[in-house]
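Novice: Input file: target23.csv. Contents: CSV, C-alpha atoms.
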```csv
chain,number,residue,atom,x,y,z
A,1,MET,CA,117.1,93.3,132.1
A,2,ARG,CA,117.6,93.5,128.3
A,3,VAL,CA,120.9,92.7,126.7
A,4,LEU,CA,122.0,93.3,123.2
A,5,ILE,CA,124.3,90.7,121.5
A,6,VAL,CA,126.3,91.8,118.5
A,7,ASP,CA,128.2,89.2,116.7
A,8,ASP,CA,128.4,88.2,113.0
A,9,GLU,CA,129.4,84.7,113.8
A,10,PRO,CA,126.2,82.6,114.0
A,11,VAL,CA,127.7,79.9,116.3
A,12,VAL,CA,129.0,82.4,118.8
A,13,ARG,CA,125.8,84.4,118.6
A,14,ARG,CA,123.7,81.3,119.4
A,15,LEU,CA,126.0,80.4,122.3
A,16,LEU,CA,125.6,84.0,123.7
A,17,GLU,CA,121.9,84.0,123.2
A,18,THR,CA,121.3,80.7,124.8
A,19,SER,CA,123.6,81.5,127.7
A,20,LEU,CA,122.2,84.9,128.5
A,21,THR,CA,118.6,83.7,128.1
A,22,SER,CA,119.2,80.8,130.5
A,23,TRP,CA,120.6,83.3,133.1
A,24,GLY,CA,117.4,85.3,133.0
A,25,TYR,CA,118.2,88.1,130.6
A,26,GLU,CA,116.0,89.3,127.8
A,27,VAL,CA,118.1,89.0,124.7
A,28,ILE,CA,118.1,91.1,121.5
A,29,SER,CA,120.5,90.1,118.7
A,30,ALA,CA,122.2,91.9,115.9
A,31,ALA,CA,124.5,90.3,113.2
A,32,GLY,CA,126.4,93.4,112.5
A,33,GLY,CA,127.5,96.9,113.6
A,34,GLU,CA,125.0,98.9,111.6
A,35,GLU,CA,122.0,96.9,112.9
A,36,ALA,CA,123.3,97.2,116.5
A,37,TRP,CA,123.8,101.0,116.0
A,38,GLY,CA,120.1,101.3,115.0
A,39,ILE,CA,119.0,99.4,118.1
A,40,LEU,CA,121.2,101.4,120.4
A,41,GLN,CA,119.9,104.7,119.2
A,42,ARG,CA,116.3,103.8,120.1
A,43,GLU,CA,114.5,105.3,123.1
A,44,ASP,CA,114.1,101.9,124.6
A,45,ALA,CA,117.6,100.7,123.8
A,46,PRO,CA,119.0,97.8,126.0
A,47,SER,CA,121.2,99.1,128.8
A,48,LEU,CA,123.9,96.4,128.4
A,49,ALA,CA,125.5,95.3,125.1
A,50,ILE,CA,128.0,92.5,124.3
A,51,LEU,CA,130.0,93.4,121.2
A,52,ASP,CA,132.2,91.4,118.9
A,53,TRP,CA,135.1,93.5,117.4
A,54,THR,CA,135.7,92.0,114.0
A,55,MET,CA,132.6,92.3,111.9
A,56,PRO,CA,132.0,93.3,108.2
A,57,GLY,CA,130.8,96.8,107.7
A,58,MET,CA,130.8,98.8,111.0
A,59,ASP,CA,133.0,96.9,113.4
A,60,GLY,CA,132.7,96.7,117.1
A,61,LEU,CA,135.3,99.4,117.8
A,62,GLU,CA,133.5,102.0,115.6
A,63,LEU,CA,130.2,101.0,117.1
A,64,CYS,CA,131.7,101.5,120.6
A,65,LYS,CA,132.9,105.0,119.7
A,66,LYS,CA,129.6,106.0,118.2
A,67,VAL,CA,127.7,104.8,121.3
A,68,ARG,CA,130.0,106.7,123.6
A,69,ALA,CA,129.4,109.9,121.6
A,70,LEU,CA,125.6,109.6,121.9
A,71,ALA,CA,124.0,112.4,123.8
A,72,LYS,CA,121.9,110.2,126.1
A,73,PRO,CA,121.6,110.7,129.8
A,74,THR,CA,122.2,107.0,130.5
A,75,LYS,CA,124.9,105.2,128.4
A,76,PRO,CA,124.7,101.5,127.9
A,77,TYR,CA,127.3,99.2,129.6
A,78,LEU,CA,129.5,97.8,126.8
A,79,ILE,CA,131.4,94.5,127.0
A,80,PHE,CA,133.8,93.5,124.2
A,81,VAL,CA,133.8,89.7,123.6
A,82,THR,CA,136.4,89.3,120.9
A,83,ALA,CA,139.2,87.0,119.7
A,84,LYS,CA,141.5,90.0,119.6
A,85,ALA,CA,143.7,89.0,122.5
A,86,ARG,CA,146.8,91.2,122.3
A,87,THR,CA,147.4,93.7,125.1
A,88,ARG,CA,147.3,96.6,122.7
A,89,ASP,CA,143.9,95.5,121.4
A,90,ILE,CA,142.5,95.3,124.9
A,91,VAL,CA,143.8,98.8,125.6
A,92,THR,CA,142.4,100.2,122.4
A,93,GLY,CA,139.0,98.6,123.1
A,94,LEU,CA,138.8,100.0,126.6
A,95,GLU,CA,140.1,103.4,125.6
A,96,ALA,CA,137.4,103.6,122.9
A,97,GLY,CA,134.8,103.5,125.7
A,98,ALA,CA,134.1,99.8,126.4
A,99,ASP,CA,133.5,99.0,130.1
A,100,ASP,CA,134.9,95.5,130.0
A,101,TYR,CA,136.8,93.2,127.7
A,102,ILE,CA,136.6,89.4,127.4
A,103,VAL,CA,138.8,87.3,125.1
A,104,LYS,CA,137.3,84.5,122.9
A,105,PRO,CA,136.9,81.7,123.4
A,106,PHE,CA,135.4,82.8,126.6
A,107,ASN,CA,134.6,80.9,129.8
A,108,ARG,CA,130.8,81.0,130.4
A,109,ASP,CA,131.1,81.4,134.2
A,110,GLU,CA,133.4,84.4,133.7
A,111,LEU,CA,131.1,86.0,131.2
A,112,ARG,CA,128.1,85.5,133.5
A,113,ALA,CA,130.1,87.1,136.4
A,114,ARG,CA,131.2,90.0,134.3
A,115,VAL,CA,127.6,90.6,133.0
A,116,ARG,CA,126.5,90.7,136.7
A,117,VAL,CA,129.2,93.3,137.4
A,118,GLY,CA,127.7,95.4,134.5
A,119,VAL,CA,124.2,95.0,136.0
A,120,ARG,CA,125.5,96.2,139.4
A,121,MET,CA,127.2,99.2,137.8
A,122,LEU,CA,124.0,100.1,136.0
A,123,GLU,CA,122.0,99.8,139.2
A,124,LEU,CA,124.5,102.0,141.1
A,125,HIS,CA,124.4,104.5,138.3
A,126,ALA,CA,120.6,104.6,138.4
A,127,ILE,CA,120.6,105.1,142.2
A,128,LEU,CA,123.1,108.0,141.9
A,129,ALA,CA,121.1,109.6,139.1
A,130,ASP,CA,118.0,109.5,141.3
A,131,ARG,CA,119.8,111.1,144.2
A,132,VAL,CA,121.2,113.8,142.0
A,133,ARG,CA,117.8,114.6,140.6
A,134,GLU,CA,116.3,114.8,144.1
A,135,LEU,CA,119.1,117.2,145.2
A,136,GLU,CA,118.7,119.3,142.1
A,137,ASP,CA,114.9,119.6,142.7
A,138,ALA,CA,115.6,120.6,146.3
A,139,LEU,CA,118.1,123.2,145.2
A,140,ALA,CA,115.7,124.6,142.6
A,141,ARG,CA,113.1,125.2,145.4
A,142,VAL,CA,115.7,126.9,147.6
A,143,LYS,CA,116.8,129.2,144.7
A,144,GLN,CA,113.2,130.3,144.2
A,145,LEU,CA,113.3,132.0,147.6
A,146,GLN,CA,116.5,133.9,146.9
A,147,GLY,CA,116.9,137.1,145.1
A,148,LEU,CA,115.1,140.5,145.2
A,149,LEU,CA,111.4,140.3,146.0
A,150,PRO,CA,109.4,143.5,145.3
A,151,ILE,CA,107.1,144.2,148.3
A,152,CYS,CA,104.4,146.9,148.6
A,153,SER,CA,105.4,149.4,151.4
A,154,TYR,CA,101.8,149.8,152.5
A,155,CYS,CA,99.9,146.5,152.2
A,156,LYS,CA,103.0,144.3,152.2
A,157,LYS,CA,101.9,142.2,149.2
A,158,VAL,CA,104.8,140.9,147.1
A,159,ARG,CA,105.1,140.7,143.3
A,160,ASP,CA,105.6,137.2,142.1
A,161,ASP,CA,107.4,135.8,139.0
A,162,ARG,CA,104.4,136.4,136.8
A,163,ASN,CA,103.9,140.0,137.8
A,164,TYR,CA,100.9,139.3,140.2
A,165,TRP,CA,100.7,140.9,143.5
A,166,GLN,CA,99.9,138.4,146.3
A,167,GLN,CA,100.0,138.1,150.0
A,168,VAL,CA,103.4,137.2,151.3
A,169,GLU,CA,102.2,134.0,152.9
A,170,GLY,CA,100.8,132.8,149.6
A,171,TYR,CA,104.0,133.5,147.9
A,172,ILE,CA,106.2,131.7,150.4
A,173,GLU,CA,103.8,128.7,150.4
A,174,GLY,CA,104.0,128.5,146.6
A,175,HIS,CA,107.8,128.7,146.5
A,176,SER,CA,108.8,126.4,149.4
A,177,ASP,CA,107.7,123.6,151.6
A,178,ALA,CA,106.8,126.0,154.4
A,179,ARG,CA,103.1,126.2,155.6
A,180,PHE,CA,101.5,129.0,157.7
A,181,THR,CA,99.3,128.6,160.7
A,182,HIS,CA,97.4,131.8,161.4
A,183,GLY,CA,97.5,133.4,164.9
A,184,ILE,CA,97.6,137.0,166.4
A,185,CYS,CA,100.7,138.5,167.9
A,186,PRO,CA,100.4,140.5,171.3
A,187,GLU,CA,100.9,143.9,169.6
A,188,CYS,CA,98.2,143.3,167.0
A,189,ARG,CA,95.9,142.0,169.7
A,190,GLU,CA,96.4,145.3,171.6
A,191,LYS,CA,96.1,147.4,168.5
A,192,TYR,CA,93.2,145.7,166.5
A,193,VAL,CA,91.5,143.0,168.5
A,194,GLN,CA,91.1,144.7,171.9
A,195,PRO,CA,89.5,147.9,170.5
A,196,GLU,CA,87.0,145.7,168.5
A,197,LEU,CA,86.1,143.7,171.5
A,198,ASP,CA,85.6,146.9,173.5
A,199,ARG,CA,83.4,148.3,170.8
A,200,LEU,CA,81.2,145.1,170.8
A,201,ARG,CA,80.9,145.3,174.6
A,202,ARG,CA,79.8,148.9,174.4
A,203,LEU,CA,77.2,148.0,171.7
A,204,ARG,CA,75.7,145.3,173.9
A,205,HIS,CA,75.7,147.5,176.9
A,206,ASP,CA,73.9,150.2,175.0
A,207,ALA,CA,71.3,147.7,173.7
A,208,GLU,CA,70.6,146.5,177.3
B,1,MET,CA,147.7,58.6,113.0
B,2,GLU,CA,146.0,61.9,112.2
B,3,PRO,CA,144.5,63.6,115.3
B,4,ALA,CA,140.7,63.6,115.5
B,5,ALA,CA,139.0,66.5,113.8
B,6,VAL,CA,137.1,67.4,116.9
B,7,ASP,CA,138.1,67.2,120.6
B,8,LEU,CA,134.6,66.8,122.2
B,9,ALA,CA,136.0,67.4,125.7
B,10,ARG,CA,137.3,70.7,124.6
B,11,ALA,CA,134.0,71.6,122.9
B,12,LEU,CA,132.0,70.7,126.1
B,13,HIS,CA,134.3,72.8,128.2
B,14,TRP,CA,133.3,76.0,126.3
B,15,VAL,CA,129.6,75.3,126.7
B,16,GLY,CA,130.0,74.5,130.4
B,17,GLY,CA,129.1,70.8,129.9
B,18,ASP,CA,125.8,71.6,128.3
B,19,ARG,CA,125.4,68.8,125.8
B,20,ARG,CA,122.1,70.1,124.4
B,21,LEU,CA,123.7,73.5,123.8
B,22,LEU,CA,126.7,71.9,122.0
B,23,ARG,CA,124.4,69.9,119.7
B,24,ASP,CA,122.5,73.2,119.0
B,25,LEU,CA,125.8,75.0,118.1
B,26,VAL,CA,127.0,72.2,115.9
B,27,GLY,CA,123.6,72.4,114.1
B,28,VAL,CA,124.2,76.1,113.4
B,29,PHE,CA,127.8,75.4,112.3
B,30,VAL,CA,126.9,72.6,109.9
B,31,GLU,CA,124.1,74.7,108.4
B,32,GLU,CA,126.4,77.8,107.9
B,33,ALA,CA,129.5,76.0,106.6
B,34,PRO,CA,128.7,75.6,102.9
B,35,GLY,CA,127.9,79.3,102.6
B,36,ARG,CA,131.1,80.2,104.4
B,37,LEU,CA,133.2,77.9,102.2
B,38,ALA,CA,131.7,79.4,99.0
B,39,GLU,CA,132.5,82.9,100.3
B,40,LEU,CA,136.1,81.9,101.1
B,41,ARG,CA,136.6,80.4,97.6
B,42,ARG,CA,135.2,83.5,96.0
B,43,GLY,CA,137.3,85.8,98.1
B,44,ALA,CA,140.5,83.9,97.4
B,45,ALA,CA,139.8,83.7,93.7
B,46,ALA,CA,139.2,87.5,93.6
B,47,ARG,CA,142.3,88.1,95.8
B,48,ASP,CA,140.0,90.0,98.2
B,49,ALA,CA,142.0,90.1,101.3
B,50,VAL,CA,139.2,91.7,103.4
B,51,THR,CA,136.7,88.9,102.7
B,52,VAL,CA,139.3,86.1,103.2
B,53,GLU,CA,140.3,87.6,106.5
B,54,ARG,CA,136.7,87.9,107.7
B,55,VAL,CA,135.7,84.3,106.7
B,56,ALA,CA,139.0,82.9,108.2
B,57,HIS,CA,138.5,84.9,111.4
B,58,SER,CA,134.9,83.6,111.7
B,59,LEU,CA,135.9,80.0,111.0
B,60,LYS,CA,138.7,80.3,113.5
B,61,GLY,CA,136.2,81.5,116.2
B,62,SER,CA,133.6,78.7,115.5
B,63,ALA,CA,136.4,76.0,115.3
B,64,GLY,CA,137.8,77.1,118.6
B,65,LEU,CA,134.4,76.8,120.3
B,66,LEU,CA,133.7,73.4,118.8
B,67,GLY,CA,137.1,71.9,119.7
B,68,ALA,CA,138.3,71.7,116.1
B,69,ALA,CA,141.9,72.5,116.6
B,70,GLY,CA,143.1,71.6,113.1
B,71,LEU,CA,140.5,73.9,111.5
B,72,GLN,CA,141.3,76.6,114.1
B,73,ALA,CA,145.0,76.5,113.3
B,74,ALA,CA,144.6,76.6,109.5
B,75,SER,CA,142.0,79.4,109.7
B,76,ALA,CA,144.3,81.4,112.0
B,77,GLU,CA,147.2,81.1,109.6
B,78,LEU,CA,145.0,82.1,106.7
B,79,GLU,CA,143.7,85.1,108.7
B,80,GLU,CA,147.2,86.3,109.4
B,81,ARG,CA,148.1,86.0,105.8
B,82,ALA,CA,145.1,88.0,104.7
B,83,LEU,CA,145.6,90.6,107.5
B,84,ALA,CA,149.1,91.1,106.0
B,85,LYS,CA,147.4,91.5,102.6
B,86,ARG,CA,149.5,88.6,101.3
B,87,VAL,CA,146.6,86.7,99.5
B,88,ASP,CA,148.7,85.9,96.4
B,89,GLY,CA,149.6,82.2,96.3
B,90,VAL,CA,147.2,81.6,99.2
B,91,ALA,CA,145.5,78.7,97.4
B,92,ASP,CA,147.4,76.0,99.3
B,93,LEU,CA,146.3,77.5,102.6
B,94,VAL,CA,142.7,77.9,101.4
B,95,ALA,CA,142.8,74.2,100.3
B,96,ARG,CA,144.1,73.2,103.8
B,97,VAL,CA,141.2,75.2,105.5
B,98,GLU,CA,138.8,73.5,103.1
B,99,GLY,CA,140.2,70.1,104.0
B,100,GLU,CA,140.0,70.7,107.7
B,101,LEU,CA,136.5,72.0,107.4
B,102,GLU,CA,135.5,68.9,105.5
B,103,ARG,CA,136.9,66.7,108.3
B,104,VAL,CA,135.0,68.6,110.9
B,105,LEU,CA,131.8,68.5,108.9
B,106,ALA,CA,132.3,64.7,108.3
B,107,PHE,CA,132.7,64.3,112.0
B,108,PHE,CA,129.5,66.1,112.8
B,109,ARG,CA,127.5,64.7,109.9
B,110,ASP,CA,128.0,61.3,111.4
B,111,PRO,CA,124.7,60.7,113.3
B,112,ALA,CA,126.6,58.8,115.9
B,113,TRP,CA,128.7,61.7,117.1
B,114,PRO,CA,126.5,62.7,120.1
B,115,GLY,CA,127.0,59.2,121.3
B,116,ARG,CA,130.7,59.9,121.6
B,117,LEU,CA,130.1,62.6,124.1
B,118,ASP,CA,129.7,60.1,126.9
B,119,LEU,CA,132.8,58.1,125.8
B,120,GLU,CA,135.1,61.0,125.3
B,121,ALA,CA,133.9,63.7,127.6
B,122,THR,CA,133.3,61.8,130.9
B,123,PRO,CA,135.6,63.4,133.4
```
What would the structure in this file look like if it were written as structure tokens?

Specialist:
Amino acid sequence: MRVLIVDDEPVVRRLLETSLTSWGYEVISAAGGEEAWGILQREDAPSLAILDWTMPGMDGLELCKKVRALAKPTKPYLIFVTAKARTRDIVTGLEAGADDYIVKPFNRDELRARVRVGVRMLELHAILADRVRELEDALARVKQLQGLLPICSYCKKVRDDRNYWQQVEGYIEGHSDARFTHGICPECREKYVQPELDRLRRLRHDAE
Amino acid sequence: MEPAAVDLARALHWVGGDRRLLRDLVGVFVEEAPGRLAELRRGAAARDAVTVERVAHSLKGSAGLLGAAGLQAASAELEERALAKRVDGVADLVARVEGELERVLAFFRDPAWPGRLDLEATP
């Protein structure tokens, strides 16, 4: 998994880079808010970001708000790692949309555990998103078999969405998972098949 | 006696005992320090509270990580002053930060410092 590290302080950035890399993450670094904002808007943006708060230019709080306002289906998991340790800072950071908050100087084991929580959350989110998509697809197919279907009173063909008339079995097969196996009902056997068999028998009799 | 500029046991704590990582971080700090100091002096001379606050904040963070309590405390004080926009007459405090930074740099510029890791940081 790819992780974005945003910190203007080179020593802290190096500590984060080395730690995350040794834990098996692929690391991308940014030294400021503007650079990070550019990375997070990309199509292939990392799904987890570790943000410092106090930075020149765009600070972590503004970056956090901007990321949360992004119209993307999957939002990155954001962890503040900052020296701002007052309770009201922590509340402000979390209310701005951060998922977690760690006070500097941080304990490496705690950071590692919290990053893992983020990964679990992202995985859970991905599973749920897949399930929702499957259900939406299923629902869309059901909907296709609802509503008013024009049918010919004589030949029983139905008119489809693109204005073509087609056999009812073709229509249903195209709009659902149902498949037809063809047979003959007793009434139709009596009405159509039996007279035809009788006719063929007569022909053979006449020929003999 | 003046307390040591750097508490190596403290520094090792923050890197989870990883000595190579600590040496790496010290390298980054020593390399960045002159630029940081110049920026701080410029900011203080121009009474630019935003710059002073930022540099002080940054020094405070690095100092904390590297176990440099004196530099950490002086930077924190300077950051508070700049945050309150009281950068007039801040020269004494800037000089204190400079002095503390010089002590930390002197400590780490001594090629023998990694040897002290074993003496000072053995649990």

Novice: List the neighbours of B:Val90 out to 12 Å using only C-alpha atoms; skip same-chain residues closer than 2 positions along the sequence, and give me the result as a PyMOL selection string.

Specialist: chain B and resi 40-41+43-49+52-53+74-75+77-82+84-88+92-97

Novice: To one decimal in Å, tell me the separation between atom CA of A:Leu122 and atom CA of A:Ser47.

Specialist: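 Computing the Euclidean distance for atom CA of A:Leu122 and atom CA of A:Ser47 yields 7.8 Å.
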
Novice: For chain B, work out the contacting residues on chain A at 7 Å, counting only C-alpha atoms, and write them as a ChimeraX atom specification.

Specialist: /A:9-12,14-15,105,107-108

Novice: Kindly provide, as a PyMOL selection string, the polymer residues lying within 12 Å of (137.7, 67.6, 120.0), counting all atoms listed in the file and using the coordinates exactly as they appear in the file.

Specialist: chain B and resi 3-14+22+63-72+103-104+107-108+113+116-117+120-121

Novice: Calculated over all atoms listed in the file, which of the candidates A:Ile102, A:Ala96, A:Leu111, A:Ala126 has the smallest distance to A:Pro73?

Specialist: A:Ala126

Novice: Name the residues in contact with A:Ser176 at a cut-off of 9 Å, using only C-alpha atoms, excluding same-chain residues fewer than 4 positions from it; report them as a PyMOL selection string.

Specialist: chain A and resi 141-142+144-145+171-172

Novice: Find the spatial neighbours of stretch 74-80 of chain A, counting all atoms listed in the file, within a cut-off of 6 Å - ignore same-chain residues fewer than 6 positions away - and output them as an mmCIF file with C-alpha atoms, in the frame of the given file.

Specialist:
```cif
data_model
loop_
_atom_site.group_PDB
_atom_site.id
_atom_site.type_symbol
_atom_site.label_atom_id
_atom_site.label_comp_id
_atom_site.auth_asym_id
_atom_site.auth_seq_id
_atom_site.Cartn_x
_atom_site.Cartn_y
_atom_site.Cartn_z
ATOM 1 C CA SER A 47 121.200 99.100 128.800
ATOM 2 C CA LEU A 48 123.900 96.400 128.400
ATOM 3 C CA ALA A 49 125.500 95.300 125.100
ATOM 4 C CA ILE A 50 128.000 92.500 124.300
ATOM 5 C CA LEU A 51 130.000 93.400 121.200
ATOM 6 C CA ASP A 52 132.200 91.400 118.900
ATOM 7 C CA ALA A 98 134.100 99.800 126.400
ATOM 8 C CA ASP A 99 133.500 99.000 130.100
ATOM 9 C CA ASP A 100 134.900 95.500 130.000
ATOM 10 C CA TYR A 101 136.800 93.200 127.700
ATOM 11 C CA ILE A 102 136.600 89.400 127.400
#
```

Novice: What is the distance, in Å and to one decimal place, between atom CA of B:Arg23 and atom CA of A:Leu16?

Specialist: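 That distance, rounded to one decimal, is 14.7 Å.
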
Novice: Work out how far apart atom CA of A:Ala31 and atom CA of A:Glu123 are and give it in Å to one decimal.

Specialist: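 Taking atom CA of A:Ala31 and atom CA of A:Glu123, their separation equals 27.8 Å.
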